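*Asks:* As input, take work-v9.cif (mmCIF, C-alpha atoms):
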```cif
data_start
loop_
_atom_site.label_atom_id
_atom_site.label_comp_id
_atom_site.auth_asym_id
_atom_site.auth_seq_id
_atom_site.Cartn_x
_atom_site.Cartn_y
_atom_site.Cartn_z
CA MET A 1 39.61 108.47 81.15
CA PHE A 2 43.31 107.82 81.60
CA LYS A 3 45.54 108.32 84.60
CA ILE A 4 48.17 111.03 84.48
CA SER A 5 49.32 110.14 87.99
CA ASP A 6 47.90 108.24 90.96
CA THR A 7 46.01 111.41 91.86
CA VAL A 8 45.16 113.06 88.54
CA SER A 9 43.15 111.66 85.63
CA TRP A 10 42.24 113.09 82.23
CA VAL A 11 38.46 112.97 81.73
CA GLY A 12 38.08 115.13 78.61
CA LYS A 13 37.02 114.59 75.03
CA ILE A 14 39.09 114.09 71.87
CA ASP A 15 37.27 115.67 68.94
CA TRP A 16 38.64 113.93 65.87
CA GLU A 17 36.13 115.52 63.48
CA LEU A 18 36.63 119.17 64.42
CA ASP A 19 37.71 121.21 61.40
CA LYS A 20 36.57 124.72 62.39
CA PHE A 21 36.68 126.55 65.71
CA HIS A 22 35.52 129.93 67.01
CA GLY A 23 32.70 129.76 64.48
CA ASP A 24 34.44 129.70 61.12
CA GLU A 25 37.42 131.75 62.29
CA TYR A 26 40.00 129.04 63.04
CA SER A 27 40.83 125.95 61.03
CA THR A 28 41.69 122.76 62.90
CA HIS A 29 43.20 120.40 60.34
CA ARG A 30 44.17 117.87 63.01
CA GLY A 31 41.09 118.06 65.22
CA SER A 32 41.41 119.00 68.87
CA SER A 33 40.73 117.92 72.42
CA TYR A 34 38.88 119.48 75.33
CA ASN A 35 40.94 118.58 78.35
CA SER A 36 39.18 118.14 81.68
CA TYR A 37 41.04 116.87 84.74
CA LEU A 38 39.89 115.00 87.83
CA ILE A 39 42.00 115.21 91.01
CA ARG A 40 41.40 112.65 93.76
CA ASP A 41 43.12 113.67 96.97
CA GLU A 42 41.43 113.91 100.35
CA LYS A 43 39.14 116.21 98.43
CA THR A 44 38.00 115.56 94.87
CA VAL A 45 38.35 118.36 92.34
CA LEU A 46 37.19 118.67 88.72
CA ILE A 47 39.14 121.17 86.59
CA ASP A 48 37.21 122.45 83.57
CA THR A 49 34.63 120.59 81.49
CA VAL A 50 34.27 120.10 77.73
CA TRP A 51 32.58 121.83 74.81
CA GLU A 52 28.80 122.15 75.03
CA PRO A 53 27.87 119.74 72.19
CA PHE A 54 29.49 116.90 74.15
CA ALA A 55 27.93 117.80 77.52
CA LYS A 56 25.63 114.79 77.88
CA GLU A 57 28.35 112.39 76.74
CA TYR A 58 30.82 114.05 79.12
CA VAL A 59 28.57 113.75 82.18
CA ALA A 60 27.64 110.16 81.31
CA ASN A 61 31.32 109.20 81.00
CA LEU A 62 32.19 111.05 84.19
CA LYS A 63 29.58 108.98 86.04
CA LYS A 64 31.43 105.83 84.95
CA VAL A 65 34.55 107.13 86.67
CA ILE A 66 33.15 108.65 89.85
CA ASP A 67 29.95 109.20 91.80
CA LEU A 68 29.34 112.84 90.92
CA LYS A 69 28.32 113.59 94.51
CA GLU A 70 31.93 112.83 95.52
CA ILE A 71 33.14 115.92 93.64
CA ASP A 72 33.89 118.53 96.31
CA TYR A 73 34.96 121.42 94.08
CA ILE A 74 34.76 122.47 90.44
CA ILE A 75 37.41 124.80 89.02
CA ILE A 76 36.71 126.70 85.82
CA ASN A 77 39.96 128.23 84.59
CA HIS A 78 38.14 129.88 81.67
CA ALA A 79 34.41 130.21 81.03
CA GLU A 80 34.38 130.07 77.21
CA ILE A 81 32.01 127.26 76.26
CA ASP A 82 34.72 124.93 74.99
CA HIS A 83 35.82 124.77 78.66
CA GLY A 84 32.73 125.55 80.72
CA GLY A 85 30.14 124.42 78.20
CA SER A 86 29.14 121.26 80.09
CA LEU A 87 28.49 123.05 83.37
CA ALA A 88 24.72 123.28 82.90
CA GLU A 89 24.45 119.52 82.33
CA LEU A 90 26.80 118.76 85.22
CA MET A 91 25.12 121.13 87.67
CA LYS A 92 21.78 119.42 87.12
CA GLU A 93 23.35 116.52 89.00
CA ILE A 94 25.32 118.40 91.67
CA PRO A 95 23.74 121.89 91.82
CA ASP A 96 25.31 123.03 95.09
CA THR A 97 28.94 122.12 94.31
CA PRO A 98 31.21 125.19 94.67
CA ILE A 99 32.60 126.57 91.42
CA TYR A 100 35.97 128.30 91.80
CA CYS A 101 36.80 130.95 89.21
CA THR A 102 37.82 134.58 88.86
CA LYS A 103 35.43 137.51 89.28
CA ASN A 104 35.32 137.88 85.51
CA GLY A 105 34.74 134.14 85.30
CA ILE A 106 31.61 134.41 87.42
CA ASN A 107 30.23 137.14 85.18
CA THR A 108 31.08 135.19 82.02
CA ILE A 109 29.55 131.93 83.27
CA LYS A 110 26.37 133.78 84.21
CA GLY A 111 26.40 135.43 80.78
CA HIS A 112 26.54 132.04 79.04
CA HIS A 113 24.35 129.92 81.32
CA HIS A 114 22.16 132.47 83.16
CA LYS A 115 22.44 130.53 86.41
CA ASP A 116 23.47 131.74 89.85
CA TRP A 117 25.36 128.70 91.05
CA ASN A 118 27.54 128.46 94.16
CA PHE A 119 30.44 130.59 92.94
CA VAL A 120 33.66 131.12 94.88
CA GLU A 121 35.71 134.04 93.58
CA VAL A 122 39.49 133.58 93.55
CA LYS A 123 42.45 135.76 92.64
CA THR A 124 46.19 135.27 92.22
CA GLY A 125 47.75 133.70 95.30
CA ASP A 126 44.56 132.21 96.71
CA THR A 127 44.91 128.57 97.69
CA LEU A 128 42.72 125.55 98.19
CA ASP A 129 43.93 122.71 100.43
CA ILE A 130 42.79 119.36 99.10
CA GLY A 131 44.89 116.98 101.23
CA LYS A 132 48.46 116.03 100.37
CA ASN A 133 48.39 118.67 97.65
CA LYS A 134 47.43 122.32 97.53
CA LEU A 135 45.94 124.22 94.61
CA ILE A 136 47.21 127.74 93.94
CA PHE A 137 45.31 130.06 91.61
CA VAL A 138 47.09 132.40 89.19
CA GLU A 139 45.02 134.91 87.23
CA ALA A 140 46.01 135.14 83.57
CA ARG A 141 43.89 138.00 82.30
CA MET A 142 43.78 138.35 78.51
CA LEU A 143 45.40 134.96 77.91
CA HIS A 144 43.18 135.07 76.04
CA TRP A 145 39.99 136.28 77.82
CA PRO A 146 39.59 138.61 80.82
CA ASP A 147 38.46 135.70 83.01
CA SER A 148 41.36 133.33 82.25
CA MET A 149 43.42 131.81 85.05
CA MET A 150 45.76 128.90 85.72
CA THR A 151 45.73 126.44 88.60
CA TYR A 152 48.99 125.12 90.04
CA MET A 153 49.01 121.85 91.99
CA SER A 154 51.80 121.87 94.52
CA GLY A 155 53.13 118.52 95.68
CA GLU A 156 52.85 117.06 92.19
CA ASN A 157 54.07 120.29 90.52
CA LYS A 158 51.41 120.30 87.80
CA LEU A 159 50.30 123.49 86.08
CA PHE A 160 46.78 123.40 84.64
CA SER A 161 47.43 126.22 82.20
CA ASN A 162 44.10 126.50 80.39
CA ASP A 163 44.49 127.97 76.86
CA ALA A 164 48.13 128.92 77.37
CA PHE A 165 50.61 126.35 76.00
CA GLY A 166 47.88 124.41 74.20
CA MET A 167 47.12 123.67 70.57
CA HIS A 168 44.30 122.22 68.48
CA TYR A 169 45.68 118.75 67.93
CA ALA A 170 43.87 115.42 68.37
CA SER A 171 45.98 112.41 69.29
CA GLU A 172 45.38 109.27 71.28
CA LEU A 173 49.00 109.55 72.48
CA MET A 174 48.31 112.78 74.44
CA TYR A 175 51.90 113.44 75.63
CA ASN A 176 54.46 115.70 73.98
CA ASP A 177 57.23 113.07 73.94
CA LEU A 178 55.05 110.59 72.04
CA VAL A 179 53.62 112.65 69.18
CA ASP A 180 55.23 113.88 65.97
CA GLN A 181 57.36 116.87 66.99
CA ASP A 182 56.90 118.77 63.72
CA GLU A 183 53.14 118.45 63.95
CA LEU A 184 53.19 119.40 67.61
CA TYR A 185 55.12 122.62 67.15
CA ALA A 186 53.34 123.53 63.91
CA GLU A 187 50.02 123.40 65.74
CA ALA A 188 51.39 125.16 68.82
CA MET A 189 52.74 128.02 66.69
CA LYS A 190 49.53 128.26 64.67
CA TYR A 191 47.56 128.46 67.93
CA TYR A 192 49.80 131.22 69.26
CA ALA A 193 49.87 133.17 66.00
CA ASN A 194 46.12 133.15 65.46
CA ILE A 195 44.87 133.47 69.04
CA LEU A 196 47.48 134.84 71.41
CA THR A 197 49.52 137.25 69.26
CA PRO A 198 47.48 140.33 70.27
CA PHE A 199 48.20 139.55 73.92
CA SER A 200 51.95 139.01 73.63
CA LYS A 201 52.83 141.68 76.20
CA PHE A 202 50.57 139.90 78.69
CA VAL A 203 52.21 136.58 77.82
CA VAL A 204 55.66 137.94 78.66
CA LYS A 205 54.45 139.56 81.88
CA LYS A 206 52.60 136.47 83.09
CA ILE A 207 55.44 134.07 82.30
CA GLU A 208 57.91 136.34 84.10
CA GLU A 209 55.51 136.46 87.05
CA VAL A 210 55.20 132.68 87.23
CA VAL A 211 58.95 132.14 86.80
CA ALA A 212 59.59 134.64 89.61
CA LEU A 213 57.54 132.44 91.94
CA ASN A 214 60.34 129.88 91.57
CA ILE A 215 57.94 126.96 91.67
CA PRO A 216 58.89 123.61 90.13
CA ILE A 217 56.79 122.61 87.13
CA ASP A 218 57.00 118.94 86.23
CA MET A 219 53.97 118.87 83.94
CA ILE A 220 51.89 121.42 82.02
CA CYS A 221 48.31 120.34 81.39
CA PRO A 222 46.60 122.71 78.92
CA SER A 223 42.95 122.76 77.95
CA HIS A 224 43.51 121.77 74.31
CA GLY A 225 45.82 119.25 72.74
CA ILE A 226 48.89 117.62 74.19
CA ILE A 227 50.10 117.41 77.80
CA TRP A 228 53.70 118.56 78.28
CA ARG A 229 55.49 116.04 80.51
CA ASP A 230 58.94 115.78 78.90
CA ASN A 231 60.82 119.00 79.64
CA PRO A 232 57.55 120.96 79.95
CA MET A 233 59.35 124.30 80.14
CA GLN A 234 60.29 123.98 76.46
CA ILE A 235 56.89 125.36 75.45
CA VAL A 236 57.23 128.18 78.00
CA GLU A 237 60.56 129.13 76.41
CA LYS A 238 58.95 129.05 72.97
CA TYR A 239 56.15 131.32 74.15
CA MET A 240 58.69 133.83 75.40
CA GLU A 241 60.41 133.70 72.01
CA TRP A 242 57.14 134.04 70.09
CA ALA A 243 55.90 136.86 72.32
CA LYS A 244 58.92 139.07 71.70
CA ASP A 245 58.31 140.39 68.17
CA TYR A 246 59.05 137.00 66.61
CA GLN A 247 60.25 136.74 63.03
CA GLU A 248 62.21 134.41 60.79
CA ASN A 249 64.16 135.22 57.63
CA GLN A 250 61.01 135.00 55.55
CA ILE A 251 58.99 137.19 53.20
CA THR A 252 55.39 136.13 52.65
CA ILE A 253 53.44 137.23 49.56
CA VAL A 254 49.65 137.13 49.92
CA TYR A 255 47.48 137.92 46.92
CA ASP A 256 44.17 137.40 45.17
CA THR A 257 43.73 137.71 41.43
CA MET A 258 40.93 137.93 38.85
CA TRP A 259 42.57 137.10 35.52
CA ASN A 260 46.02 136.05 36.79
CA GLY A 261 47.66 139.45 36.30
CA THR A 262 48.20 139.95 40.03
CA ARG A 263 49.37 136.33 40.35
CA ARG A 264 52.00 136.90 37.67
CA MET A 265 53.11 140.05 39.47
CA ALA A 266 53.46 138.10 42.72
CA GLU A 267 55.59 135.44 41.07
CA ALA A 268 57.79 138.03 39.37
CA ILE A 269 58.32 139.91 42.65
CA ALA A 270 59.30 136.59 44.27
CA GLU A 271 61.80 135.99 41.45
CA GLY A 272 63.34 139.40 42.10
CA ILE A 273 63.64 138.75 45.82
CA LYS A 274 65.30 135.37 45.33
CA SER A 275 67.70 136.71 42.70
CA LYS A 276 68.97 139.22 45.24
CA ASP A 277 68.93 137.06 48.39
CA LYS A 278 69.09 133.30 48.08
CA GLU A 279 68.97 132.83 51.87
CA VAL A 280 65.54 134.38 52.44
CA THR A 281 62.51 132.10 52.41
CA VAL A 282 59.77 133.37 50.09
CA LYS A 283 56.25 131.93 50.29
CA LEU A 284 53.30 132.79 48.02
CA PHE A 285 49.65 132.29 48.95
CA ASN A 286 46.54 132.87 46.91
CA CYS A 287 44.32 134.10 49.70
CA ALA A 288 41.11 132.93 48.03
CA LYS A 289 42.37 129.35 47.77
CA ARG A 290 44.54 128.75 50.83
CA ASP A 291 43.55 128.44 54.48
CA LYS A 292 43.47 131.86 56.11
CA ASN A 293 44.83 130.65 59.48
CA ASP A 294 47.76 128.92 57.81
CA ILE A 295 48.49 132.20 56.02
CA ILE A 296 48.32 134.12 59.31
CA THR A 297 50.87 131.69 60.78
CA GLU A 298 53.23 132.48 57.91
CA VAL A 299 52.66 136.22 58.43
CA PHE A 300 53.58 135.68 62.09
CA LYS A 301 56.87 134.09 61.01
CA SER A 302 57.75 136.76 58.45
CA LYS A 303 59.91 139.87 58.66
CA MET A 304 58.04 141.34 55.68
CA ILE A 305 54.74 140.71 53.95
CA LEU A 306 53.60 141.78 50.49
CA VAL A 307 49.87 142.02 49.87
CA GLY A 308 48.39 142.16 46.37
CA SER A 309 44.96 142.47 44.83
CA SER A 310 43.33 143.31 41.56
CA THR A 311 41.15 146.42 41.67
CA ILE A 312 37.42 145.68 41.62
CA ASN A 313 34.61 148.23 41.95
CA ASN A 314 37.14 150.84 43.05
CA GLY A 315 38.19 148.51 45.86
CA ILE A 316 39.97 145.25 46.64
CA LEU A 317 39.00 141.61 46.36
CA THR A 318 37.06 140.28 49.35
CA SER A 319 39.56 137.60 50.42
CA ILE A 320 42.27 140.28 50.73
CA ALA A 321 39.91 142.58 52.62
CA ALA A 322 39.20 139.74 55.05
CA ILE A 323 42.82 138.76 55.65
CA LEU A 324 43.78 142.41 56.16
CA GLU A 325 41.05 142.69 58.81
CA MET A 326 42.45 139.61 60.56
CA ILE A 327 45.99 140.99 60.36
CA LYS A 328 44.89 144.29 61.88
CA GLY A 329 43.17 142.56 64.80
CA LEU A 330 46.21 140.42 65.59
CA LYS A 331 48.39 143.51 66.17
CA PHE A 332 51.63 142.22 64.70
CA VAL A 333 54.72 144.27 65.49
CA ASN A 334 58.20 144.71 64.01
CA LYS A 335 57.17 143.74 60.49
CA LYS A 336 57.59 145.52 57.17
CA ALA A 337 55.13 145.52 54.30
CA ALA A 338 54.31 146.72 50.78
CA ALA A 339 51.40 146.46 48.35
CA PHE A 340 51.01 145.52 44.70
CA GLY A 341 48.26 144.80 42.20
CA SER A 342 46.96 144.87 38.65
CA TYR A 343 44.08 146.98 37.39
CA GLY A 344 42.06 147.84 34.34
CA TRP A 345 41.01 151.49 34.50
CA SER A 346 40.84 152.96 38.03
CA GLY A 347 43.57 151.16 40.02
CA GLU A 348 42.81 151.96 43.67
CA SER A 349 43.80 148.59 45.16
CA VAL A 350 47.44 149.37 45.96
CA LYS A 351 46.55 152.58 47.77
CA ILE A 352 43.75 150.86 49.73
CA ILE A 353 46.01 147.96 50.76
CA THR A 354 48.75 150.38 51.78
CA GLU A 355 46.35 152.26 54.04
CA HIS A 356 45.19 148.99 55.61
CA LEU A 357 48.80 147.96 56.28
CA LYS A 358 49.60 151.32 57.86
CA SER A 359 46.47 151.03 60.01
CA ALA A 360 47.71 147.61 61.14
CA LYS A 361 50.98 149.27 62.27
CA PHE A 362 53.19 147.65 59.65
CA ASP A 363 56.27 149.57 58.50
CA VAL A 364 55.20 150.22 54.90
CA VAL A 365 58.46 150.58 52.99
CA ASN A 366 57.22 152.19 49.75
CA ASP A 367 54.14 153.22 47.80
CA GLY A 368 53.78 149.80 46.20
CA ILE A 369 53.62 148.83 42.56
CA ARG A 370 50.66 148.53 40.18
CA GLU A 371 50.52 147.36 36.60
CA LEU A 372 47.85 147.89 33.95
CA TRP A 373 45.90 144.94 32.56
CA ASN A 374 47.82 141.69 32.04
CA PRO A 375 51.50 142.57 32.70
CA ASP A 376 53.81 142.16 29.74
CA GLU A 377 57.51 141.33 30.00
CA GLU A 378 58.46 144.95 30.68
CA ALA A 379 55.92 145.11 33.50
CA LEU A 380 57.14 141.80 34.94
CA GLU A 381 60.70 143.09 34.89
CA ARG A 382 59.54 146.12 36.88
CA CYS A 383 58.06 143.66 39.39
CA ARG A 384 61.36 141.77 39.60
CA LYS A 385 63.16 145.06 40.19
CA PHE A 386 60.57 145.88 42.87
CA GLY A 387 61.45 142.59 44.58
CA ARG A 388 65.19 143.24 44.36
CA ASN A 389 64.75 146.71 45.83
CA LEU A 390 62.74 145.28 48.73
CA VAL A 391 65.66 143.09 49.69
#
```
Could the structure of this file be written out as structure tokens, please?
*Replies:*
Amino acid sequence: MFKISDTVSWVGKIDWELDKFHGDEYSTHRGSSYNSYLIRDEKTVLIDTVWEPFAKEYVANLKKVIDLKEIDYIIINHAEIDHGGSLAELMKEIPDTPIYCTKNGINTIKGHHHKDWNFVEVKTGDTLDIGKNKLIFVEARMLHWPDSMMTYMSGENKLFSNDAFGMHYASELMYNDLVDQDELYAEAMKYYANILTPFSKFVVKKIEEVVALNIPIDMICPSHGIIWRDNPMQIVEKYMEWAKDYQENQITIVYDTMWNGTRRMAEAIAEGIKSKDKEVTVKLFNCAKRDKNDIITEVFKSKMILVGSSTINNGILTSIAAILEMIKGLKFVNKKAAAFGSYGWSGESVKIITEHLKSAKFDVVNDGIRELWNPDEEALERCRKFGRNLV
């Protein structure tokens, strides 16, 4: 536990060892935290819990801070088990304590825990008086689940934002002005790119809605990672930028290769791009060897992506198939693309990749390029020309 203010304390869990999240879908190179907050006003309120594997530890530590029977209300901003996972353990101790959440939150909590606790349904604009301060609930559907909401604490002007504005980043420092700024924003962008990109239109709408309320926000307390206390609106401004078809002057080349023919094509295409435009950033990733979520973050930053694979069994290599499935689900917009690849006798990979890119709503700029066997110098020069033409 540490005090955020005289009224609010952090009572969560820093998970230094976490390296995968959402099953095996998200890499967390710098760990994470599960942020739970305890408010002590005339009424005592607990906002969110921690991930299920730490439930017993969480409840035991909470008992060191407060008599659990003193907790008047529990607020669950989001019922996914990294936030509501400790509820079952906690409710063994205080089974009748009211749980405030959205209608979808009630259904989701019941779906996970199969318990009919004392639920109180809330919607945007509903309030809860707790003494000197008042809690105001703001639904945030699809940021990033249907049940998501935020809780605003008037008086102290704190926004408990749940998954919005967070990142998977473990640090004992816990405040945005104390941690490494490059690490902070790298993890914040990775979080947005891999989790919130499909919901960008909801991000814009919800931020505009909150801004229109004209409420002061002195601190943003997300459910993962660092608390924003120094100019907290900086991350809100970044979210608005990221949500509006974000791109940098970057072309990302993603490939997998069997006998290095496709790799050599990728490098030659990159040479062609750079010979034509020295200002553009070009990044190459072997999809079978590099972290898929880091690659997705680079795709998010790019104005164009090139995807390459050798042909195998009349298809494409599995790492490319997987990353294309991720790309499709993330619903990127305002990005161009093209395909390339080497082959031995059938050569379907370029066509298959092109169809995947079109299905993912990329602006496919040409039919791609394919080269037979291990490309010779003439073939590599065609790849360089391909790169120049892309520019």
*Asks:* Can you pull out every residue within 9 Å of Thr311 in chain A, counting all atoms listed in the file, but drop anything in the same chain fewer than 4 positions away, and send it as a list in words?
*Replies:*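 What passes the distance filter is Met258, Gly315, Ile316, Leu317, Gly341, Ser342, Tyr343, Gly344, Trp345, Ser346, Gly347, Glu348, Ser349 and Val350 of chain A.
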*Asks:* If we draw a sphere of 9 Å around (53.8, 151.0, 55.0), which residues have at least one atom in it when counting only C-alpha atoms? Please report them as number ranges by chain.
*Replies:* A: 336-339, 354-359, 361-368
*Asks:* As a check of understanding, name the residues that the PyMOL selection byres ((chain A and resi 260-271) around 6) selects in the supplied structure, as a VMD selection string.
*Replies:* chain A and resid 257 to 259 272 to 274 341 to 342 374 380 383 to 384 387
*Asks:* Just say which residues the PyMOL selection byres ((chain A and resi 87) around 12) picks in this file, as a ChimeraX atom specification.
*Replies:* /A:36,46-56,58-59,74-76,78-86,88-95,97-99,109-110,112-117
*Asks:* Please evaluate the PyMOL selection byres ((chain A and resi 199) around 12) against the displayed coordinates and give the resulting residues as a ChimeraX atom specification.
*Replies:* /A:140-146,164,192-198,200-206,239,242-245,329-333
*Asks:* So how far away is CA of Asp96 in chain A from CA of Lys3 in chain A, in Å?
*Replies:*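 So the answer is 27.1 Å.
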*Asks:* Find the residue from A:His168, A:Arg388, A:Lys301, A:Lys335 that sits nearest to His22 in chain A; use all atoms listed in the file when measuring.
*Replies:*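 Smallest distance to His22 in chain A is found for A:His168.
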*Asks:* Point out the residue among A:Thr44, A:Ser32, A:Asn77, A:Asn389 with the least atom-to-atom distance to Asp163 in chain A, counting all atoms listed in the file.
*Replies:* A:Asn77
*Asks:* Could you tell me which of A:Lys328, A:Thr281, A:Ile352, A:Lys276 comes closest to Phe386 in chain A if we count all atoms listed in the file?
*Replies:*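 Using all atoms listed in the file, Phe386 in chain A sits closest to A:Lys276.
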*Asks:* Would you list the residues near (33.7, 108.0, 90.1), meaning any protein, DNA or RNA residue with an atom at most 12 Å from that point in file coordinates, counting only C-alpha atoms, as a ChimeraX atom specification?
*Replies:* /A:1,9,11,38-40,44-46,59-71
*Asks:* Just how far from CA of Ile253 in chain A is CA of Leu306 in chain A, in Å to one decimal?
*Replies:* 4.6 Å
*Asks:* Looking at A:Asp129, A:Asp6, A:Glu183, A:Glu172, which one is nearest to Lys43 in chain A, with distances taken over only C-alpha atoms?
*Replies:* A:Asp129
*Asks:* What does the distance between CA of Gly225 in chain A and CA of Glu57 in chain A come to in Å, to one decimal place?
*Replies:*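 CA of Glu57 in chain A lies at a distance of 19.2 Å from CA of Gly225 in chain A.
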*Asks:* Find the spatial neighbours of Val282 in chain A, counting all atoms listed in the file, within a cut-off of 7 Å - ignore same-chain residues fewer than 5 positions away - and output them as an MDAnalysis selection string.
*Replies:* chainID A and resid 250:252 270
*Asks:* When distances are computed from only C-alpha atoms, which of A:Trp373, A:Trp228, A:Tyr26, A:Tyr152 shows the smallest separation from Phe165 in chain A?
*Replies:*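 Checking each of A:Trp373, A:Trp228, A:Tyr26, A:Tyr152 against Phe165 in chain A, counting only C-alpha atoms, the winner is A:Trp228.
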*Asks:* Mind checking which residues fall within 9 Å of Val254 in chain A, counting only C-alpha atoms, ignoring those fewer than 2 positions away in the same chain, and posting them as number ranges by chain?
*Replies:* A: 252, 256, 266, 283-287, 295, 305-309, 320
*Asks:* For range 225-239 of chain A of the block above, can you save N, CA and C atoms as an mmCIF file, in the first residue's frame?
*Replies:*
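Result saved to decode_3.cif:
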```cif
data_model
loop_
_atom_site.group_PDB
_atom_site.id
_atom_site.type_symbol
_atom_site.label_atom_id
_atom_site.label_comp_id
_atom_site.auth_asym_id
_atom_site.auth_seq_id
_atom_site.Cartn_x
_atom_site.Cartn_y
_atom_site.Cartn_z
ATOM 1 N N GLY A 225 -0.153 -0.316 -14.748
ATOM 2 C CA GLY A 225 0.993 0.554 -14.968
ATOM 3 C C GLY A 225 0.995 1.804 -14.123
ATOM 4 N N ILE A 226 1.373 2.904 -14.756
ATOM 5 C CA ILE A 226 1.777 4.121 -14.070
ATOM 6 C C ILE A 226 0.599 5.065 -13.873
ATOM 7 N N ILE A 227 0.598 5.767 -12.747
ATOM 8 C CA ILE A 227 -0.400 6.791 -12.440
ATOM 9 C C ILE A 227 0.070 8.121 -13.020
ATOM 10 N N TRP A 228 -0.843 8.793 -13.729
ATOM 11 C CA TRP A 228 -0.517 10.069 -14.379
ATOM 12 C C TRP A 228 -0.864 11.221 -13.428
ATOM 13 N N ARG A 229 0.168 11.814 -12.816
ATOM 14 C CA ARG A 229 -0.076 12.947 -11.916
ATOM 15 C C ARG A 229 0.521 14.249 -12.438
ATOM 16 N N ASP A 230 1.565 14.163 -13.240
ATOM 17 C CA ASP A 230 2.176 15.363 -13.821
ATOM 18 C C ASP A 230 1.556 15.593 -15.195
ATOM 19 N N ASN A 231 0.804 16.687 -15.333
ATOM 20 C CA ASN A 231 0.104 16.966 -16.589
ATOM 21 C C ASN A 231 -0.613 15.708 -17.102
ATOM 22 N N PRO A 232 -1.589 15.199 -16.354
ATOM 23 C CA PRO A 232 -2.218 13.935 -16.735
ATOM 24 C C PRO A 232 -2.900 13.962 -18.096
ATOM 25 N N MET A 233 -3.287 15.138 -18.567
ATOM 26 C CA MET A 233 -3.984 15.207 -19.854
ATOM 27 C C MET A 233 -3.064 14.921 -21.037
ATOM 28 N N GLN A 234 -1.757 14.795 -20.789
ATOM 29 C CA GLN A 234 -0.845 14.492 -21.894
ATOM 30 C C GLN A 234 -1.166 13.142 -22.514
ATOM 31 N N ILE A 235 -1.566 12.160 -21.702
ATOM 32 C CA ILE A 235 -1.893 10.849 -22.249
ATOM 33 C C ILE A 235 -3.249 10.888 -22.950
ATOM 34 N N VAL A 236 -4.148 11.729 -22.501
ATOM 35 C CA VAL A 236 -5.435 11.906 -23.187
ATOM 36 C C VAL A 236 -5.206 12.483 -24.585
ATOM 37 N N GLU A 237 -4.319 13.470 -24.663
ATOM 38 C CA GLU A 237 -3.991 14.069 -25.962
ATOM 39 C C GLU A 237 -3.342 13.049 -26.885
ATOM 40 N N LYS A 238 -2.489 12.190 -26.330
ATOM 41 C CA LYS A 238 -1.858 11.147 -27.134
ATOM 42 C C LYS A 238 -2.905 10.161 -27.654
ATOM 43 N N TYR A 239 -3.846 9.801 -26.805
ATOM 44 C CA TYR A 239 -4.895 8.877 -27.229
ATOM 45 C C TYR A 239 -5.696 9.458 -28.392
#
```
